[in-house]
Amino acid sequence: EQAGRGVCLTREGEQLLGYGRRILTLNDEAWQRMTHHAFEGRVSFGVPEDLVDPFVSPVMRDFAADFPRARVSLVSSITRKLVDRFDEGRLDVMLTTEPLESGTGECLYRGPLQWYVGRGSLIWKQRPLPLAAKADCIFLPVVRAALERAGIAWESPYEANHWRDLEAFVKAGVAIETNMALVVDRSRDRIPVPADSGLPPLPDFGIFLYIRDGAPDLALQLAGIVRDTNFARDQVKTRAVQ
């Protein structure tokens with residue numbers, strides 16, 4: 001608007017100027033963050049095989065959005081092998097599934113192991129009880145001990161290199177498995193064994209978070225996103241879209 005021999009901003013112009021300054025400030029902040037050396041480099045992340053889907057995918061999406069210059073090495077294996085790698089300093093961040101009383105990391109979720117069979121299967125009545133489990137699975141010693149205390153004979157007639165391959169035996173109705181509800185309850189092909197089946201109750205396990213001493217700043221940022229993950233049954237927390 002004319003102001004004497006000069007000009008001045010209109011009321012709308014004053015509002016637009018405020019927005020412009022905020023946009024430039026945010027742009028500068030984003031540029032400094034994305035180009036800072038702390039947000040470059042590599043971080044190694046170890047996760048149990050059965051937690052990769054669906055929990056890790058949202059974590060990777062959010063981490064990549066925040067730190068597009070970072071590189072992630074995702075290691076998927078059983079908890080025992082992940083712990084070995086972590087102890088050797090080969091993982092920066094690690095999730096584990098461990099008995100609640102023995103886990104020493106930050107507990108993000110707790111819940112009991114449960115018995116599962118293929119939909120329509122009555123294999124839980126068979127004796128010896130056929131188990132579908134990897135020989136080095138951290139659940140197996142607990143399951144065997146519970147069955148032996150209950151006087152229930154068992155066997156492990158099926159083998160596979162990956163836990164997902166063992167699912168084929170469970171879905172086929174020829175074996176029973178144990179796992180945490182937050183993993184199996186997302187499946188339509190496997191259901192809990194009836195409560196009156198006579199199978200013994202199983203103890204609580206937890207999902208634990210570990211961060212290596214001296215891990216880079218990127219690892220701390222990744223761990224923060226992992227903490228934001230909701231491991232509660234039937235949902236995974238995701239960031240709201242603005």
# chains A, B, ... in the order shown; residues from 1 in each chain; ligands from 1
call {"tool": "residues_around", "arguments": {"residues": "Leu113 of chain A", "least_positions_apart": "3", "cutoff": "8 Å", "atoms": "only C-alpha atoms", "output": "PyMOL selection string"}}
result
chain A and resi 178-181+202-205
call {"tool": "atom_distance", "arguments": {"atom1": "atom CA of Glu49 of chain A", "atom2": "atom CA of Ser76 of chain A"}}
result
5.2 Å
call {"tool": "closest_residue", "arguments": {"among": "A:Leu166, A:Leu17, A:Ala153, A:Ala146", "to": "Leu129 of chain A", "atoms": "only C-alpha atoms"}}
result
A:Ala153
call {"tool": "select_by_dssp", "arguments": {"residues": "segment 123-236 of chain A", "states": "strand (DSSP E or B)", "output": "list of chain:residue names"}}
result
A:Leu129, A:Pro130, A:Leu131, A:Trp154, A:Glu155, A:Ile176, A:Glu177, A:Thr178, A:Asn179, A:Met180, A:Arg190, A:Ile191, A:Pro192, A:Asp204, A:Phe205, A:Gly206, A:Ile207, A:Phe208, A:Leu209, A:Tyr210, A:Ile211
call {"tool": "residues_around", "arguments": {"residues": "Tyr158 of chain A", "least_positions_apart": "2", "cutoff": "10 Å", "atoms": "only C-alpha atoms", "output": "list in words"}}
result
Pro130, Leu131, Ala132, Ala133, Lys134, Glu155, Ser156, Ala160, Leu166, Phe169, Val174 and Ala175 of chain A
call {"tool": "decode", "arguments": {"residues": "segment 39-55 of chain A", "atoms": "all heavy atoms", "output": "compact mmCIF listing (two decimals), in the first residue's frame"}}
result
# COMPACT_ATOMS: atom_id res chain seq x y z
N PHE A 39 24.16 -37.47 11.02
CA PHE A 39 23.04 -38.15 10.40
C PHE A 39 23.46 -38.87 9.12
O PHE A 39 22.63 -39.20 8.29
CB PHE A 39 21.92 -37.15 10.14
CG PHE A 39 21.45 -36.49 11.40
CD1 PHE A 39 21.83 -35.20 11.70
CD2 PHE A 39 20.66 -37.17 12.29
CE1 PHE A 39 21.43 -34.60 12.88
CE2 PHE A 39 20.24 -36.58 13.47
CZ PHE A 39 20.64 -35.29 13.76
N GLU A 40 24.74 -39.10 9.00
CA GLU A 40 25.26 -39.92 7.92
C GLU A 40 25.86 -41.17 8.54
O GLU A 40 26.02 -41.28 9.75
CB GLU A 40 26.32 -39.16 7.13
CG GLU A 40 25.81 -37.92 6.41
CD GLU A 40 26.93 -37.20 5.68
OE1 GLU A 40 28.10 -37.56 5.88
OE2 GLU A 40 26.62 -36.28 4.92
N GLY A 41 26.21 -42.13 7.70
CA GLY A 41 26.88 -43.33 8.19
C GLY A 41 25.97 -44.53 8.20
O GLY A 41 24.91 -44.55 7.58
N ARG A 42 26.39 -45.55 8.96
CA ARG A 42 25.69 -46.83 8.96
C ARG A 42 25.34 -47.23 10.38
O ARG A 42 26.07 -46.96 11.33
CB ARG A 42 26.59 -47.91 8.33
CG ARG A 42 25.99 -49.31 8.31
CD ARG A 42 26.99 -50.32 7.79
NE ARG A 42 27.35 -50.06 6.42
CZ ARG A 42 26.69 -50.56 5.39
NH1 ARG A 42 25.63 -51.33 5.58
NH2 ARG A 42 27.09 -50.30 4.16
N VAL A 43 24.20 -47.88 10.52
CA VAL A 43 23.79 -48.44 11.80
C VAL A 43 23.33 -49.88 11.57
O VAL A 43 22.68 -50.17 10.56
CB VAL A 43 22.67 -47.60 12.45
CG1 VAL A 43 21.45 -47.53 11.53
CG2 VAL A 43 22.30 -48.15 13.81
N SER A 44 23.73 -50.79 12.45
CA SER A 44 23.35 -52.20 12.33
C SER A 44 22.26 -52.52 13.35
O SER A 44 22.36 -52.14 14.52
CB SER A 44 24.56 -53.10 12.54
OG SER A 44 25.21 -52.81 13.77
N PHE A 45 21.23 -53.20 12.89
CA PHE A 45 20.02 -53.43 13.68
C PHE A 45 19.67 -54.91 13.64
O PHE A 45 19.40 -55.46 12.57
CB PHE A 45 18.89 -52.58 13.09
CG PHE A 45 17.59 -52.64 13.83
CD1 PHE A 45 17.52 -52.92 15.17
CD2 PHE A 45 16.40 -52.37 13.16
CE1 PHE A 45 16.30 -52.96 15.84
CE2 PHE A 45 15.18 -52.38 13.81
CZ PHE A 45 15.14 -52.69 15.16
N GLY A 46 19.70 -55.57 14.78
CA GLY A 46 19.37 -56.99 14.86
C GLY A 46 17.95 -57.20 15.39
O GLY A 46 17.56 -56.61 16.39
N VAL A 47 17.20 -58.09 14.71
CA VAL A 47 15.80 -58.31 15.06
C VAL A 47 15.48 -59.80 14.93
O VAL A 47 15.87 -60.44 13.95
CB VAL A 47 14.86 -57.52 14.12
CG1 VAL A 47 13.42 -57.64 14.59
CG2 VAL A 47 15.27 -56.06 14.04
N PRO A 48 14.75 -60.39 15.89
CA PRO A 48 14.29 -61.77 15.72
C PRO A 48 13.46 -61.93 14.46
O PRO A 48 12.72 -61.02 14.07
CB PRO A 48 13.45 -62.03 16.98
CG PRO A 48 14.02 -61.08 18.00
CD PRO A 48 14.40 -59.85 17.21
N GLU A 49 13.57 -63.09 13.85
CA GLU A 49 12.92 -63.32 12.57
C GLU A 49 11.43 -63.03 12.58
O GLU A 49 10.88 -62.46 11.64
CB GLU A 49 13.14 -64.79 12.15
CG GLU A 49 14.59 -65.16 11.92
CD GLU A 49 14.79 -66.65 11.80
OE1 GLU A 49 13.98 -67.42 12.37
OE2 GLU A 49 15.77 -67.07 11.15
N ASP A 50 10.75 -63.43 13.66
CA ASP A 50 9.30 -63.29 13.66
C ASP A 50 8.80 -61.90 14.02
O ASP A 50 7.59 -61.67 14.07
CB ASP A 50 8.65 -64.33 14.58
CG ASP A 50 9.26 -64.34 15.97
OD1 ASP A 50 10.21 -63.57 16.20
OD2 ASP A 50 8.80 -65.12 16.82
N LEU A 51 9.73 -60.97 14.29
CA LEU A 51 9.32 -59.59 14.56
C LEU A 51 9.54 -58.66 13.38
O LEU A 51 9.13 -57.50 13.41
CB LEU A 51 10.08 -59.04 15.78
CG LEU A 51 9.82 -59.70 17.13
CD1 LEU A 51 10.55 -58.95 18.23
CD2 LEU A 51 8.33 -59.78 17.45
N VAL A 52 10.20 -59.16 12.34
CA VAL A 52 10.50 -58.30 11.20
C VAL A 52 9.22 -57.79 10.56
O VAL A 52 9.08 -56.61 10.24
CB VAL A 52 11.37 -59.05 10.17
CG1 VAL A 52 11.53 -58.21 8.90
CG2 VAL A 52 12.75 -59.34 10.76
N ASP A 53 8.27 -58.67 10.37
CA ASP A 53 6.99 -58.28 9.78
C ASP A 53 5.90 -58.60 10.81
O ASP A 53 5.78 -59.75 11.22
CB ASP A 53 6.75 -59.07 8.50
CG ASP A 53 5.46 -58.70 7.80
OD1 ASP A 53 4.98 -57.58 8.01
OD2 ASP A 53 4.93 -59.55 7.05
N PRO A 54 5.16 -57.61 11.27
CA PRO A 54 4.99 -56.29 10.68
C PRO A 54 5.68 -55.15 11.43
O PRO A 54 5.50 -54.00 11.08
CB PRO A 54 3.48 -56.09 10.78
CG PRO A 54 3.14 -56.75 12.09
CD PRO A 54 4.09 -57.93 12.21
N PHE A 55 6.46 -55.44 12.49
CA PHE A 55 6.91 -54.37 13.36
C PHE A 55 8.08 -53.56 12.82
O PHE A 55 8.17 -52.35 13.06
CB PHE A 55 7.29 -54.96 14.73
CG PHE A 55 6.15 -55.64 15.42
CD1 PHE A 55 6.13 -57.00 15.59
CD2 PHE A 55 5.06 -54.90 15.85
CE1 PHE A 55 5.07 -57.63 16.20
CE2 PHE A 55 3.99 -55.52 16.47
CZ PHE A 55 3.99 -56.88 16.65
